[in-house]
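Novice: Dropping a structure here in structure tokens format, bear with me for questions.
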There are 4 protein chains.
Amino acid sequence: MKSPIPDYLQHVLDKARDNEAGAPAAYIDVLARADTSKLAVALAMVDGNLYSAGDDQVEFSIQSISKAFVYALAIEDAGLPRVLEKIGVEPSGDRFNQLSLERGTNRPMNPMINAGAITAHSLVVAPNATAEARTERILKSLSRLAGRQLHVDEEVYEAELKDADRNMGIGHMLKAAGIITCDPREAVKGYIRQCAINVNVKDLAMMSATLCNAGVHPFSGEQIIPHASVRQVLSVMTTCGMYDAAGDWVSNVGIPAKSGVAGGIIGTLPGQVGIAAFSPKLDERGNSVRGVAICEQLSRDMGLHMMDVSQIARATVQTSVATLVAGEHEPHNPNCQREVLVFKLRGAVRFAGSERLTRALTRELGQPDPKVPGSGAHSQACAIVLSFREVYSLNFIARRLVHEDIERLLAEGRILVVIDPSEVLHWDAEKAKTGKHPKVVENETEARDYIGGIGCQAVSRDQGW
Amino acid sequence: MKSPIPDYLQHVLDKARDNEAGAPAAYIDVLARADTSKLAVALAMVDGNLYSAGDDQVEFSIQSISKAFVYALAIEDAGLPRVLEKIGVEPSGDRFNQLSLERGTNRPMNPMINAGAITAHSLVVAPNATAEARTERILKSLSRLAGRQLHVDEEVYEAELKDADRNMGIGHMLKAAGIITCDPREAVKGYIRQCAINVNVKDLAMMSATLCNAGVHPFSGEQIIPHASVRQVLSVMTTCGMYDAAGDWVSNVGIPAKSGVAGGIIGTLPGQVGIAAFSPKLDERGNSVRGVAICEQLSRDMGLHMMDVSQIARATVQTSVATLVAGEHEPHNPNCQREVLVFKLRGAVRFAGSERLTRALTRELGQPDPKVPGSGAHSQACAIVLSFREVYSLNFIARRLVHEDIERLLAEGRILVVIDPSEVLHWDAEKAKTGKHPKVVENETEARDYIGGIGCQAVSRDQGW
Amino acid sequence: MKSPIPDYLQHVLDKARDNEAGAPAAYIDVLARADTSKLAVALAMVDGNLYSAGDDQVEFSIQSISKAFVYALAIEDAGLPRVLEKIGVEPSGDRFNQLSLERGTNRPMNPMINAGAITAHSLVVAPNATAEARTERILKSLSRLAGRQLHVDEEVYEAELKDADRNMGIGHMLKAAGIITCDPREAVKGYIRQCAINVNVKDLAMMSATLCNAGVHPFSGEQIIPHASVRQVLSVMTTCGMYDAAGDWVSNVGIPAKSGVAGGIIGTLPGQVGIAAFSPKLDERGNSVRGVAICEQLSRDMGLHMMDVSQIARATVQTSVATLVAGEHEPHNPNCQREVLVFKLRGAVRFAGSERLTRALTRELGQPDPKVPGSGAHSQACAIVLSFREVYSLNFIARRLVHEDIERLLAEGRILVVIDPSEVLHWDAEKAKTGKHPKVVENETEARDYIGGIGCQAVSRDQGW
Amino acid sequence: MKSPIPDYLQHVLDKARDNEAGAPAAYIDVLARADTSKLAVALAMVDGNLYSAGDDQVEFSIQSISKAFVYALAIEDAGLPRVLEKIGVEPSGDRFNQLSLERGTNRPMNPMINAGAITAHSLVVAPNATAEARTERILKSLSRLAGRQLHVDEEVYEAELKDADRNMGIGHMLKAAGIITCDPREAVKGYIRQCAINVNVKDLAMMSATLCNAGVHPFSGEQIIPHASVRQVLSVMTTCGMYDAAGDWVSNVGIPAKSGVAGGIIGTLPGQVGIAAFSPKLDERGNSVRGVAICEQLSRDMGLHMMDVSQIARATVQTSVATLVAGEHEPHNPNCQREVLVFKLRGAVRFAGSERLTRALTRELGQPDPKVPGSGAHSQACAIVLSFREVYSLNFIARRLVHEDIERLLAEGRILVVIDPSEVLHWDAEKAKTGKHPKVVENETEARDYIGGIGCQAVSRDQGW
């Protein structure tokens, strides 16, 4: 069988190609001369699988897309508090090349406008770093993200440098405002150099997928961007990535994104997929016309909008009861109901999932409550099994809540067996408040054997056990 | 066992109580006199399970929190295009009581500032509706969301009406700008009445949970807010719900929220949980000091930030191969490898999950590819089984991709069995392009029987089958 | 001889008539229906002489031109400090119907935008005055300025009232901001009524001439507007009278002015002439197209620009020396040079003129100064005559300086005769520091007689004496 | 006698000295170290007479006061249209060092903010001029205005250059916006150099007096600034000279002014007097605290406010009638009333004055009008004499009107004699429409002789004749 995904991407490109609007960036000749027939798209999965279509080998300068990644580097090198002191996170409502300093603090409004991006650049490595050290660090980091050695397009760099008055103006203003402390001319030159790094859509998709993947490179497994920075970068891309009209973008597309003036654009759906598109003709806001159209098409087709709540986390807890066969050894509890209660979770468990488990435990094992029919029915169960075999992740709050449940069950003197082959539970023996621990096993057979070994023999009445 | 969740909420309240900052709204006496010692929190799960702590029976006026729900009503009654024509979606950067009309269109910047909220109010029911019809519709709708009959606090209503000059001013301005078409005094009175509806934190949590639950009320199962409106309301709450500082809120808290001047506040985590808090003292932006603190605490503890990508969708496809035992009847395909390939998905499957299935199908059943080790190894498999037994949801794009996979497999003449007891696949026999259909069964036994019945007998070599 | 001024005005009208641009105000039907062929101009001299041309009998509503005069009334009734506390004096850069409240104070930016004009209206009479008392006061005052009984155009009033949402909005906002304290609906109604007063160009020219004439009505001689208010009103008309583009107006036209939406416009050249024009078609700023053209033409032709310094105050002091004929009685001073020095001023004497006199006195009567040729030549003159016969005004500083000169001359024991038939000198015997006084006479003959009488006989050697 | 003016200035200084508020400019060390006890004031009359008091020899850098004069140079060198294309004339409402570019045109809002001043600097000499050529031209021109060779304070220049980031930023921005076309670094250096020129208060007063004197240097009589530029410079000083609060300044002080950050300030009263003050401590707007106080004191004492209409132009026309003695030769007109009408004007005649003459001529010589008592009484006068002997100036419109009167009188066949010893009438024989001319003479005797010579003999009945 041949995968339908490349066919789908080809279809999306064909549709976008009809849109003839826009014009390539005109401010420097080397961009104005771009071949406007070029068109490409790429998707990178969080495990590094890559799909692409169209002119996916064609290189173009990364331009403003670099701002997102250099912001991440600034956070890594200078620390988030210092970065927030120097650069705001508010949409400016102004064009990307406006100064847009915040009243009072003088901070550039956000790191996606040029003033903020030049400031972010100046925070890479160290305040007293040389321009070379900064650009080397950035080139190396972007190359790691792309998974191959990238290069600066020297022709683009030279051309941008010749026409750099606005950015030079911004640089001097930032110095005067006390926002950057190095030589403003060097910061601007370095920023222009960072923007002149050449990429293709496959590079961009991989870079975006690393953001999707909590900063871990899909192929190399390397943590390239610290986890905390990723959240910050994605937040800012959401509200400021596509320049003005933050609310419009959140309402209509609903994913973090960033575009560049050479026609590139990335979109990132946290935890799912990194998108990249390329087409040189820009709209009046400086975003690639076809790139935006592709982005919207993918968002619509693929249901990427973050506020789209059609997928409600449902029924992730399955409860079953197994009756014990009376064996030689009686259970140690005289009131024992000769039952084993099995609670089975599955999927990615967050608060809602762990709350369901807690509720099920409370209902079955708690005191009978006249308002809740059937509550307390199994309060004298012989043993309890919690199965996490089909859970592939437990988030912080879910784990905390499950730990609390376990502590409470143990405190009540319950026999408790946990099936956790992937060790998603992170049970820390050291931290147990009661000093008691559940029996942790790999699978159902081991659970049965253990319970049987302590004087019970359970017979499954249910497929799930 | 007793649930630890109420204990946790109590702990959060105790911590918030230390914060003595702020003062109750001073502009009308009835709010200024509020008992500032009152403090409450509630959580409502998407299935309606409710936790609360503190003064959860104390009623207060809903105030601006009503804006989110009346915006939803406006979308329902007037249609999204007309609402967007009248009210923007951009954060205004101004205070809530500023006029903030957009240049050119005259639209209020967003529905969370008073100008936008009055406009939304005027779009409820119909342009020529009476003020009574509008307030009745709103009161009825909010009561359905809360799950009980709510009432207007007439004392608050009268007091606000006496001091309504700013809102009256806004109302007349909106009329003059052609944004509202009814009598502006009636629209403002109705808006003030909507703000004076009394609620407690449990009501608010249920209302929020309905937004979390794609507009379906957790208890009644009723679709109170249309699905499409929910996405729009949550988008606007994200960027404009907490007044100015949109980027700050997205970076730090990262969930849709809305506050009211009587001290209430709601937060909604799509698909997960609705939060409500109450404490009368406000900060200088008009948000409840302790309410914000509670919100931040819950967001931090519970990992609610939407950009937090710690939960990566992983390995949701399991592939197994069963070898056929030669029986009386030979398989119809002379090149048959006497193998049955079983592909099993689980959890909530979105694009990333279906992409994995597609990739697995392509690798196992496609042409051998020298770059992909082991590819094409089972290209002559006797039959293919796709199991959706452990899938609890398939989103639009995932379903589309699986359908395409099925079409392609059938077009290649494969024997294809689908295990789909919950009918998540929505296979539509009418739409099948090839005119061919897979065999759809309820469980593994039926699948085995079917395959055996057409001349094969498969023996499971794997637990999953 | 027939005056050429009416011919000139007719010529200006004929030229303006060619400009077909603009359209009458469209927001109410009664203005939209205006006869756009009507065209008129009038000039009123500060002594009440009036020239007019075109449709000088056609009446139209005064509209915003009333703002200047009601601002003057507000200053008179509430006092300038209170008015400044409520209304600023800065150009707003916004359109006339914008709210434009100043940050911090909430004051409307200036009294020429609607918000400021409604506030000014509310300050007339007294804070607790009835709307009737205010409109009656305003109608009476405008009638006195026009020199005839004016009337409200009830059709215009009713029509504006029906479409008063923007102004009602502004009124409520002003109340909410604590700027107006009365019922905002009454203030707005009164303001609309004030704008609906009918005038013709001759009325407006007379009203403007009163401003030119320091608030004194040219005909009646009545001080209708207090002197101090006039300066304030003219200052604000200069910077805010023609809405936005304050600097542009000051650079190009350079006179205080105010326009109204019915097509009227006034210009006032302090101390010289009041101008009024009328033509219903407006430009996009709401000013009469032909009215502005007429204004510009008159300014250009008549050299009205206040910064036009082509007229330098020159030689206004004439010094002459008369030799005494030795008579019976010798002068009392043994060193007497037997000379009488006569200093003659003329015209409107301000600081520059009195400085010339002071300088001449210092040079002729002071100590010889080697750097100033001829200085001190007449230090022993027998008597000094200061003639103010040809002076028609002495301003404050000039008078103060001349008084100081007289004091110093008397302190030196000089015989001093002042010719001051019009009493421009305001010599106050009470205030004289030395206790000495000059001899004040009516003309040269009396001066000669007086000097002769005290023992000298002067023979004129100069025509001026 | 000793002039009281220096005493007055000393008194003003003593009063200002009490104000201890403010601090010297802190941004560069050389200004921060200024001796804050220094205090000086100077007045220069339009004929060059100079008064000063205090530290009138102390030099300080001219700073922003140079902006007014360099704006004049830009207008001279590039032409007003090109200057207006590059620099606006609106008050910006922002601080002097804000970029404040106008939307749409990109023009700096006005030439008194740094962006506008740098642009004005770049327009001096020629677009492709060297920085040296520009600074040389400016230094030479300011020296001519001061009446002595000025010098750049190299220490100030070097210090400002080291801290020039904000201005460098502005320079680059202006280049990027297409407003300046030369190397922005050179323009900024030149601008900084222009600001570092040293002056004392006497220099500044002379420079200001040249503006007062229509651009003609009081001493040298040289036209240093073209007449048209002066009007433009003074207009802009009025609305933008003291930074923000244009309306406030016009209301309170009412004269064109400009201040510099070293503590200097100039005020110019067109046609009257140039003022300069110096004291290093600045208020928060960057204006000299004591300098502003001195300026306000002088404005108040000296009645400088341009809108102060206390001086109404009155009675400047004197009409007298002389009866002819019957001589040998009868007058040529049989209806001759044997009267000579003499009309005598005096002072600076503008429109109002010439209108009085016109009115007098019309009344005496026109047709009898029942509404005007005594009108037409002398319609058959034998001859008419217009005396301009006491007129020291006639402005454009006044001259035009008098010419028209003369044409009309000649057209009626009147005998017309004009006494115009100073040739204020500018009668141009070429342009006379009728081809007829009045008899122009030097004085009354010649007028009498002429009239007698043509067959009349007039006897004066009036002192004025």
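Identifiers in this document derive from the order of the structure tokens: chains are assigned A, B, ..., residues are numbered from 1 separately in each chain, and ligands are numbered from 1 in order of occurrence.
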Name all residues at most 7 Å from A:Ile65 (count only C-alpha atoms; drop same-chain ones fewer than 3 positions away) and give them as a ChimeraX atom specification.

Specialist: /A:62,68,258-260

Novice: From stretch 10-112 of chain A, collect each residue whose DSSP state is strand (DSSP E) and return the set as an MDAnalysis selection string.

Specialist: chainID A and resid 40:45 50:54 60:61

Novice: Restrict the selected residues to C-alpha atoms and save them as a compact mmCIF listing (two decimals), in the first residue's frame.

Specialist:
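Result written to result_27.txt:
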# COMPACT_ATOMS: atom_id res chain seq x y z
CA ALA A 40 6.48 23.49 -1.06
CA VAL A 41 5.02 21.98 2.10
CA ALA A 42 6.32 19.58 4.72
CA LEU A 43 4.95 17.82 7.82
CA ALA A 44 7.16 16.38 10.51
CA MET A 45 5.74 14.01 13.10
CA LEU A 50 8.64 13.48 7.49
CA TYR A 51 6.29 14.05 4.59
CA SER A 52 6.83 16.70 1.98
CA ALA A 53 5.61 17.78 -1.43
CA GLY A 54 6.52 20.32 -4.09
CA PHE A 60 15.45 30.23 0.97
CA SER A 61 16.54 32.48 3.82

Novice: When you get a sec, could you note down which chain C residues fall within 7 Å of chain B, using only C-alpha atoms, as a list in words?

Specialist: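 Taking only C-alpha atoms into account, Asp165, Arg166, Met168, Gly169, Ile170, Gly171, His172, Met173, Lys175 and Ala176 of chain C sit within 7 Å of chain B.
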
Novice: Atoms to include: C-alpha atoms. Write the selected residues as an mmCIF file, in the first residue's frame.

Specialist:
data_model
loop_
_atom_site.group_PDB
_atom_site.id
_atom_site.type_symbol
_atom_site.label_atom_id
_atom_site.label_comp_id
_atom_site.auth_asym_id
_atom_site.auth_seq_id
_atom_site.Cartn_x
_atom_site.Cartn_y
_atom_site.Cartn_z
ATOM 1 C CA ASP C 165 -26.910 59.525 19.963
ATOM 2 C CA ARG C 166 -23.274 60.488 19.637
ATOM 3 C CA MET C 168 -25.924 61.820 24.196
ATOM 4 C CA GLY C 169 -23.129 59.254 24.451
ATOM 5 C CA ILE C 170 -20.595 62.005 25.041
ATOM 6 C CA GLY C 171 -22.869 63.624 27.627
ATOM 7 C CA HIS C 172 -23.247 60.425 29.642
ATOM 8 C CA MET C 173 -19.499 59.773 29.412
ATOM 9 C CA LYS C 175 -21.151 62.684 33.611
ATOM 10 C CA ALA C 176 -19.494 59.335 34.342
#

Novice: Of the candidates D:Ile294, D:Val46, D:Val418, D:Val156, which one gets nearest to D:Ala32 if we count only C-alpha atoms?

Specialist: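 So, comparing all the options, the nearest one is D:Val156.
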
Novice: Tell me which of C:Phe388, C:Tyr8, C:Phe278, C:Tyr191 sits closest to C:Ser37, counting only C-alpha atoms.

Specialist: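 Closest candidate: C:Phe278.
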
Novice: Run DSSP on the backbone and give me the residues of stretch 210-350 of chain A it puts in alpha helix (DSSP H), as an MDAnalysis selection string.

Specialist: chainID A and resid 210:212 227:240 246:252 289:302

Novice: Give me, as an MDAnalysis selection string, all polymer residues having an atom no more than 10 Å from B:Glu296, counting only C-alpha atoms and skipping those fewer than 6 positions away in the same chain.

Specialist: chainID B and resid 252:255 290 302 304

Novice: Keeping only C-alpha atoms, take the residues you just selected and write them out as a compact mmCIF listing (two decimals), in the first residue's frame.

Specialist:
# COMPACT_ATOMS: atom_id res chain seq x y z
CA ASN B 252 1.63 32.61 32.45
CA VAL B 253 -1.71 30.89 32.81
CA GLY B 254 -2.53 29.66 29.37
CA ILE B 255 -6.23 28.86 29.75
CA ARG B 290 -7.62 35.68 45.50
CA MET B 302 -2.79 20.74 37.45
CA LEU B 304 -3.43 23.26 32.59

Novice: Could you pull the residues within 7 Å of stretch 352-367 of chain B, counting only C-alpha atoms, minus those fewer than 5 positions along the same chain, as a list in words?

Specialist: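 The filter keeps Met1, Lys2, Ser3, Met45 and Gln272 of chain A; Thr316, Val317, Ser375, Gly376, Ala377, His378, Ser379, Ala398, Leu401, Val402 and Asp405 of chain B.
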
Novice: Based on the selection just made, write C-alpha atoms of those residues as a compact mmCIF listing (two decimals), in the first residue's frame.

Specialist:
# COMPACT_ATOMS: atom_id res chain seq x y z
CA MET A 1 0.00 0.00 0.00
CA LYS A 2 1.18 3.54 -0.78
CA SER A 3 0.65 6.21 1.88
CA MET A 45 5.74 14.01 13.10
CA GLN A 272 1.36 16.41 17.35
CA THR B 316 -0.71 4.11 19.80
CA VAL B 317 -0.39 1.47 17.10
CA SER B 375 9.80 -2.96 4.59
CA GLY B 376 7.48 -4.94 2.36
CA ALA B 377 8.07 -8.11 4.40
CA HIS B 378 4.41 -8.98 4.51
CA SER B 379 3.24 -7.60 1.22
CA ALA B 398 -7.83 10.65 11.57
CA LEU B 401 -6.99 9.07 6.74
CA VAL B 402 -8.13 5.63 7.96
CA ASP B 405 -6.16 3.53 3.97

Novice: Contacts of A:Ala23 at 9 Å or less, counting only C-alpha atoms, minus same-chain residues fewer than 3 places along, as a CSV table (one decimal) with C-alpha atoms, in the first residue's frame?

Specialist:
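So the final result, stored in selection_30.csv, reads:
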chain,number,residue,atom,x,y,z
A,20,GLU,CA,-1.8,34.3,-7.7
A,26,ALA,CA,10.7,44.1,-2.7
A,32,ALA,CA,12.6,40.6,-5.2
A,36,THR,CA,7.6,33.0,-7.4
A,280,PRO,CA,7.7,33.7,-2.1
A,281,LYS,CA,4.7,36.0,-2.7
A,282,LEU,CA,3.7,37.9,0.4
A,283,ASP,CA,0.5,39.7,1.4
A,284,GLU,CA,0.5,43.2,2.7
A,288,SER,CA,3.4,34.3,2.4
A,289,VAL,CA,0.0,34.3,0.6

Novice: Between atom CA of A:Ile180 and atom CA of A:Thr119, measure the distance and give it in Å to one decimal.

Specialist: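 Between atom CA of A:Ile180 and atom CA of A:Thr119 the gap is 6.1 Å.
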
Novice: Hey, what's within 8 Å of A:Leu73 if we count only C-alpha atoms and toss same-chain stuff fewer than 4 positions away? As an MDAnalysis selection string, please?

Specialist: chainID A and resid 69 77 124 138 225

Novice: Residues within 12 Å of C:Leu425, please, as an MDAnalysis selection string. Count only C-alpha atoms; anything in the same chain fewer than 5 positions from it doesn't count.

Specialist: chainID C and resid 345 349 354 386:389 391:404 406 418:420 438 440:441

Novice: Just to confirm, what's the straight-line distance from atom CA of A:Thr239 to atom CA of A:Arg350 in Å (one decimal)?

Specialist: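 So the answer is 25.6 Å.
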
Novice: What's the separation between atom CA of D:Arg107 and atom CA of D:Ala78, in Å to one decimal place?

Specialist: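 Atom CA of D:Arg107 sits 15.8 Å away from atom CA of D:Ala78.
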